[in-house]
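Chemist: Have a look at this one.
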Amino acid sequence: MERETKPGINDNYPLCVATTMFKSVLEKLGKEVSGDIAINFVSEITRHHRIQASPGLRAAVRYAVETLKGYGLDAEVHEYPADGETYSWSSLMFKEWSCRDAELRLTEPAGEARTLARWSETKFSLIQRSHPTPGREAEVVVLDKGEEDADYRRVDVEGKVVVTNGDLGRVYELAVERRGALGIIYDGMRLFPPVRREGDLDDALQYTSFWWSGGERPCFGFVLSPRRGRWLRRLVEEQRRKRKPVKVWAEVDSKLYPGSIENAVASIPGETDEEVVVVAHICHPQPSANDNASGCGAAMEAARALRTLIARGDLPKPRRTIRFTLVPEMAGTYAWLAENEGRIPRIVAAINLDMVGENQDLCGGPLIVERTPEATPSFVNALMEAVFDEVKAEGKNLGGTARYALFKHAVTPFSGGSDHYIYSDPTVGVPCPMLIQWPDKFYHTSWDTLDKVDPEMLRKVALMTATYAYFIANAGPEEAVWLASEVAARERRRLIAEAQAQVTAALNAAAEGEEPGRKLAEARLKLRRVIPYRLGRSIEAVRSAGGLAGGDPSFGSVEERLISELEATAKAERRLAERAITDHAEARGLIPLPRVRRGRLRKLERRARGIVPHRLYRGPVSLRPWVGRLSREDREAWWRLGKEHRKSRVLGTLATFWADGERNLLEISELVELEAGRTDLEYIVGYFDLMRKMGLVEFG
């Protein structure tokens, strides 16, 4: 119950006051936010073919700007060069591309002649950014994947069109750059079990694109469905046995030229120069409804609802500006942040919306809150989880004693892959969680259409986004106290869960195989690393809430108390966990446990300990243009590293975030293991070695 008078900020401050304010904002927005309005925004955006740096993207951005202006927001188009030469931090702003028409026809054998792919039917039929190609005929060669030199033995691809379902960039280098192939036909479909298994989307087309960095050999490409691809492959094999070729006729009416790339930027002005950012990427081929017209539609609806309530006086004007950026994925965020470096220290938080509108019955994935990386601990995770908890509480049990979600949902650690990973990079320092639905059965395919979008899910996400953004934008000392308390409470639960997870893992390990005593001793040693690490992240998250207190000195006493409680929890849980391990050892007659000493460092560990990487660019590295600068030998090493350590790729991002110019690679690898539960020192050393050769880092 809210009190009529509020005491000062101290240990006895009634936390229910701030909680009431949080719920009040949510309740007011809940009466205004509309999923139907949001899906109308999504529908309009899907009308445009929104390839990064293209007329279709420009049209979508202008639609969003004019629409938001109509609702009373300050909105404008931000334009950047798309010339293949300009960089925003490490990100190359590639040339603008447009296409009027494209067609691929089978011409031989004459009895099977037919159209295989046509731009006018679906924009997914073309590999995006294909070079202009006057109509010409060429023989077809089947490569299967075509990712290794061995795939080209006794296969002549020069002047021919190759069929592949392998990695497009790799096939382009081996078949086109090195061996003179004329073009590529791609018939692959990425699998995401269990929502997308082999054969599930046999008649859909995979989104596929070239990403030119300049100086490459011109090439075109078309996309076939897996079913049509299998048919074409069988035909080529049948004709091969008859010693007769299969030929296609291809024409692409496209252009690559110096142009521009645009962001839609809108704002609800605040009273100070601080701000909160909502970001969603607006690009991808037409229609690309859930990815990511849905994120843009939800962001626009959050903006409309907030502007409406503020204009009506139902919500006061916020202290901080709320800014909405609808951007070409990654490129637009790099460009906007590089353009506004002086503004970055005043951006207190952000939120990224990516693929948020899925009809879960059709698409398969849950609605996820993805936390920030642990190199950027922040109050934003606890806040978003608290908002999520309220929105999830939509169903009740028969007796009305419990409320719960009627949809699939999860909270997950940081994974990356979208614009939030740029904001959350410690060199940028803007904490940015992401809302996403993943996996999605129709992700990056021609079947990502408007019928897969759920207005109710859009409403939920727009409501969460608007509540999160406004609460932070209007937060002061009182809200900072509640946030710090909320962070501390959730972090205490994480500490307890982590300690118990370590106990469970230890007992399971000891139950398997040989030397159970040693395994328990190793687990106890690991516990003494994990709990202090988790405590350190928790303390930093609590402290981050102080940034909203406006320098109020009273916040310090609250912060001190909460940190003291966290330290006490960590100490108690570590003691209890060690006691549980010891009890188990005693029950099995394994006491005393053997002493575990760290052995001598391996050669790779010694080398890693001697490497201190210094990052040369702000933000996470945008690798595509830089890989092309490597020698052929080093490009081959880069490909091999990624292929042999496929499951470790996210570890490269995490390692980069921990690289602060003082830690060596061995220390960084240990932090990655504490964050992700695993590490791969061979991959991390190789990754940084090659980044150094690209000119992205230096070694101290």
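Identifiers for the structure tokens are assigned positionally: chains receive A, B, ... in sequence, residues are indexed from 1 per chain, and ligands are indexed from 1 in the order shown.
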List the neighbours of region 531-542 of chain A out to 6 Å using only C-alpha atoms; skip same-chain residues closer than 4 positions along the sequence, and give me the result as JSON, numbers by chain.
Modeler: {"A": [377, 378, 379, 484, 487, 491]}
Chemist: I'd like to know which of A:Lys460, A:Ala608, A:Ser554, A:Leu527 is closest to Arg579 (chain A), using only C-alpha atoms.
Modeler: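 Distance minimum relative to Arg579 (chain A) lands on A:Leu527.
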Chemist: Tell me, which residues of region 410-618 of chain A carry DSSP strand (DSSP E or B), written as a list of chain:residue names?
Modeler: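 Residues of region 410-618 of chain A classed as strand (DSSP E or B): A:Ala410, A:Val411, A:Thr412, A:Met434, A:Leu435, A:Ile436, A:Gln437, A:Thr445, A:Val453, A:Pro613, A:His614, A:Arg615.
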Chemist: Those selected residues, please, written with all heavy atoms and delivered as a compact mmCIF listing (two decimals), in the first residue's frame.
Modeler:
# COMPACT_ATOMS: atom_id res chain seq x y z
N ALA A 410 11.14 -17.66 -21.80
CA ALA A 410 12.41 -18.01 -21.17
C ALA A 410 13.23 -16.75 -20.94
O ALA A 410 13.01 -15.72 -21.60
CB ALA A 410 13.20 -19.00 -22.04
N VAL A 411 14.17 -16.83 -20.01
CA VAL A 411 15.22 -15.82 -19.82
C VAL A 411 16.54 -16.55 -20.06
O VAL A 411 16.78 -17.60 -19.47
CB VAL A 411 15.18 -15.20 -18.41
CG1 VAL A 411 16.35 -14.25 -18.23
CG2 VAL A 411 13.85 -14.50 -18.17
N THR A 412 17.38 -16.00 -20.94
CA THR A 412 18.60 -16.71 -21.34
C THR A 412 19.82 -15.82 -21.20
O THR A 412 19.71 -14.58 -21.22
CB THR A 412 18.51 -17.19 -22.79
OG1 THR A 412 18.49 -16.05 -23.67
CG2 THR A 412 17.26 -18.03 -23.02
N MET A 434 17.82 -8.03 -25.06
CA MET A 434 17.05 -8.23 -26.29
C MET A 434 15.79 -9.02 -25.99
O MET A 434 15.80 -9.95 -25.20
CB MET A 434 17.89 -8.98 -27.33
CG MET A 434 17.10 -9.34 -28.59
SD MET A 434 18.10 -10.05 -29.93
CE MET A 434 18.63 -11.61 -29.21
N LEU A 435 14.71 -8.64 -26.67
CA LEU A 435 13.50 -9.46 -26.72
C LEU A 435 13.47 -10.15 -28.08
O LEU A 435 13.61 -9.49 -29.12
CB LEU A 435 12.25 -8.60 -26.53
CG LEU A 435 12.10 -7.90 -25.18
CD1 LEU A 435 10.84 -7.04 -25.16
CD2 LEU A 435 12.06 -8.91 -24.05
N ILE A 436 13.29 -11.46 -28.07
CA ILE A 436 13.32 -12.23 -29.31
C ILE A 436 12.49 -13.50 -29.12
O ILE A 436 12.30 -13.95 -27.99
CB ILE A 436 14.77 -12.59 -29.71
CG1 ILE A 436 14.84 -13.18 -31.13
CG2 ILE A 436 15.41 -13.53 -28.69
CD1 ILE A 436 16.25 -13.34 -31.66
N GLN A 437 11.99 -14.04 -30.21
CA GLN A 437 11.41 -15.38 -30.18
C GLN A 437 12.30 -16.29 -31.02
O GLN A 437 12.52 -16.03 -32.20
CB GLN A 437 9.97 -15.37 -30.70
CG GLN A 437 9.08 -14.54 -29.79
CD GLN A 437 7.61 -14.88 -29.95
OE1 GLN A 437 7.16 -15.95 -29.57
NE2 GLN A 437 6.87 -13.95 -30.51
N THR A 445 13.48 -17.19 -44.37
CA THR A 445 12.95 -17.89 -45.53
C THR A 445 11.81 -17.09 -46.15
O THR A 445 11.25 -16.17 -45.53
CB THR A 445 12.41 -19.29 -45.18
OG1 THR A 445 11.15 -19.17 -44.50
CG2 THR A 445 13.38 -20.06 -44.31
N VAL A 453 2.42 -13.85 -37.98
CA VAL A 453 2.55 -12.83 -36.93
C VAL A 453 1.29 -12.82 -36.07
O VAL A 453 0.17 -12.86 -36.58
CB VAL A 453 2.78 -11.44 -37.55
CG1 VAL A 453 2.98 -10.39 -36.45
CG2 VAL A 453 3.99 -11.47 -38.48
N PRO A 613 45.77 -8.50 -25.63
CA PRO A 613 45.23 -7.83 -26.82
C PRO A 613 44.70 -6.43 -26.50
O PRO A 613 44.08 -6.21 -25.45
CB PRO A 613 44.09 -8.75 -27.26
CG PRO A 613 43.66 -9.45 -26.01
CD PRO A 613 44.88 -9.56 -25.14
N HIS A 614 44.97 -5.51 -27.40
CA HIS A 614 44.46 -4.14 -27.31
C HIS A 614 43.53 -3.91 -28.50
O HIS A 614 43.97 -4.00 -29.65
CB HIS A 614 45.60 -3.12 -27.33
CG HIS A 614 46.53 -3.24 -26.16
ND1 HIS A 614 46.43 -2.45 -25.04
CD2 HIS A 614 47.58 -4.08 -25.94
CE1 HIS A 614 47.38 -2.78 -24.18
NE2 HIS A 614 48.09 -3.77 -24.70
N ARG A 615 42.30 -3.60 -28.23
CA ARG A 615 41.33 -3.39 -29.30
C ARG A 615 41.56 -2.02 -29.95
O ARG A 615 41.77 -1.03 -29.26
CB ARG A 615 39.91 -3.50 -28.76
CG ARG A 615 39.63 -4.87 -28.17
CD ARG A 615 38.29 -4.95 -27.47
NE ARG A 615 37.20 -4.67 -28.39
CZ ARG A 615 35.93 -4.65 -28.04
NH1 ARG A 615 35.60 -4.90 -26.77
NH2 ARG A 615 34.99 -4.40 -28.92
Chemist: Run DSSP on the backbone and tell me which residues of region 407-559 of chain A come out as helix (DSSP H, G or I); list them as a ChimeraX atom specification.
Modeler: /A:420-423,450-452,455-473,477-510,516-548,555-559
Chemist: From the options A:Ser485, A:Asp202, A:Pro426, A:Ala298, which residue's atoms come nearest to Asp454 (chain A), counting only C-alpha atoms?
Modeler: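 Of A:Ser485, A:Asp202, A:Pro426, A:Ala298, the one nearest Asp454 (chain A), counting only C-alpha atoms, is A:Ala298.
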Chemist: My list of candidates is A:Leu651, A:Met330, A:Leu696, A:Leu353. Which is closest to Ile684 (chain A) when distances are computed with only C-alpha atoms?
Modeler: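 Checking each of A:Leu651, A:Met330, A:Leu696, A:Leu353 against Ile684 (chain A), counting only C-alpha atoms, the winner is A:Leu651.
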Chemist: List the spatial neighbours of region 49-66 of chain A as a compact mmCIF listing (two decimals) with C-alpha atoms, in the first residue's frame - criterion: any atom at most 8 Å away, only C-alpha atoms, same-chain residues fewer than 6 positions off excluded.
Modeler:
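Wrote result-v3.txt, looks like this:
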# COMPACT_ATOMS: atom_id res chain seq x y z
CA ALA A 75 11.15 11.87 -36.28
CA GLU A 76 13.64 12.14 -39.10
CA VAL A 77 15.67 10.14 -41.59
CA ALA A 82 26.76 3.58 -48.86
CA PHE A 94 28.78 -1.26 -48.52
CA LYS A 95 27.47 0.09 -51.83
CA GLU A 96 23.79 0.63 -52.49
CA TRP A 97 22.14 -2.10 -54.57
CA SER A 98 18.91 -2.16 -56.54
CA LYS A 123 12.48 -11.47 -54.03
CA GLN A 128 20.84 -10.52 -52.87
CA GLY A 259 24.38 5.65 -52.69
CA SER A 260 23.04 5.97 -49.18
CA ILE A 261 21.78 3.91 -46.27
CA GLU A 262 19.16 5.22 -43.87
CA ASN A 263 17.97 4.98 -40.28
CA ALA A 264 14.59 6.07 -38.97
CA VAL A 265 15.17 7.99 -35.73
CA ALA A 266 12.30 9.28 -33.57
CA ILE A 282 14.07 -2.80 -40.37
CA CYS A 283 15.98 -4.64 -43.12
CA HIS A 284 15.65 -8.04 -44.90
CA PRO A 285 13.96 -9.24 -48.09
CA GLN A 286 10.27 -8.72 -48.75
CA PRO A 287 8.20 -9.74 -46.83
CA MET A 300 6.43 1.92 -33.33
CA LEU A 326 14.76 1.56 -36.81
CA PRO A 328 19.47 -1.72 -41.18
CA GLU A 329 20.74 -4.47 -38.89
Chemist: Considering only C-alpha atoms, can you say which of A:Arg100, A:Arg240, A:Arg312, A:Lys441 comes closest to Leu201 (chain A)?
Modeler: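 Nearest candidate to Leu201 (chain A) out of A:Arg100, A:Arg240, A:Arg312, A:Lys441: A:Lys441.
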Chemist: Give me the region 207-237 of chain A side of the contact with region 109-113 of chain A, cut-off 12 Å, one line per residue showing its nearest atom pair and distance in Å at one decimal, counting only C-alpha atoms, sorted by chain and residue number, as JSON lines.
Modeler:
{"residue": "A:Trp231", "atom": "CA", "partner": "A:Glu112", "partner_atom": "CA", "distance": 11.0}
{"residue": "A:Leu232", "atom": "CA", "partner": "A:Glu112", "partner_atom": "CA", "distance": 10.1}
{"residue": "A:Leu235", "atom": "CA", "partner": "A:Glu112", "partner_atom": "CA", "distance": 9.1}
{"residue": "A:Val236", "atom": "CA", "partner": "A:Pro109", "partner_atom": "CA", "distance": 9.7}
Chemist: Could those residues be written to a file, using N, CA and C atoms, as a PDB file, in the first residue's frame?
Modeler:
ATOM      1  N   TRP A 231      15.521 -31.888 -57.592  1.00  0.00           N
ATOM      2  CA  TRP A 231      15.120 -32.230 -58.963  1.00  0.00           C
ATOM      3  C   TRP A 231      16.204 -31.835 -59.957  1.00  0.00           C
ATOM      4  N   LEU A 232      16.748 -30.627 -59.802  1.00  0.00           N
ATOM      5  CA  LEU A 232      17.785 -30.169 -60.723  1.00  0.00           C
ATOM      6  C   LEU A 232      19.038 -31.025 -60.591  1.00  0.00           C
ATOM      7  N   LEU A 235      18.521 -34.226 -62.414  1.00  0.00           N
ATOM      8  CA  LEU A 235      18.563 -34.001 -63.855  1.00  0.00           C
ATOM      9  C   LEU A 235      20.005 -33.894 -64.348  1.00  0.00           C
ATOM     10  N   VAL A 236      20.834 -33.157 -63.611  1.00  0.00           N
ATOM     11  CA  VAL A 236      22.242 -33.026 -64.002  1.00  0.00           C
ATOM     12  C   VAL A 236      22.917 -34.391 -64.001  1.00  0.00           C
TER      13      VAL A 236
END
Chemist: Need the shell around region 247-253 of chain A: protein/DNA/RNA residues with any atom at most 6 Å away, counting only C-alpha atoms. Skip same-chain ones fewer than 3 positions apart. Format as a ChimeraX atom specification?
Modeler: /A:99-108,132-140
Chemist: Find the spatial neighbours of Glu339 (chain A), counting only C-alpha atoms, within a cut-off of 12 Å - ignore same-chain residues fewer than 4 positions away - and output them as an NGL selection string.
Modeler: :A and (78-80 or 87-89 or 263 or 332-335 or 343-344)
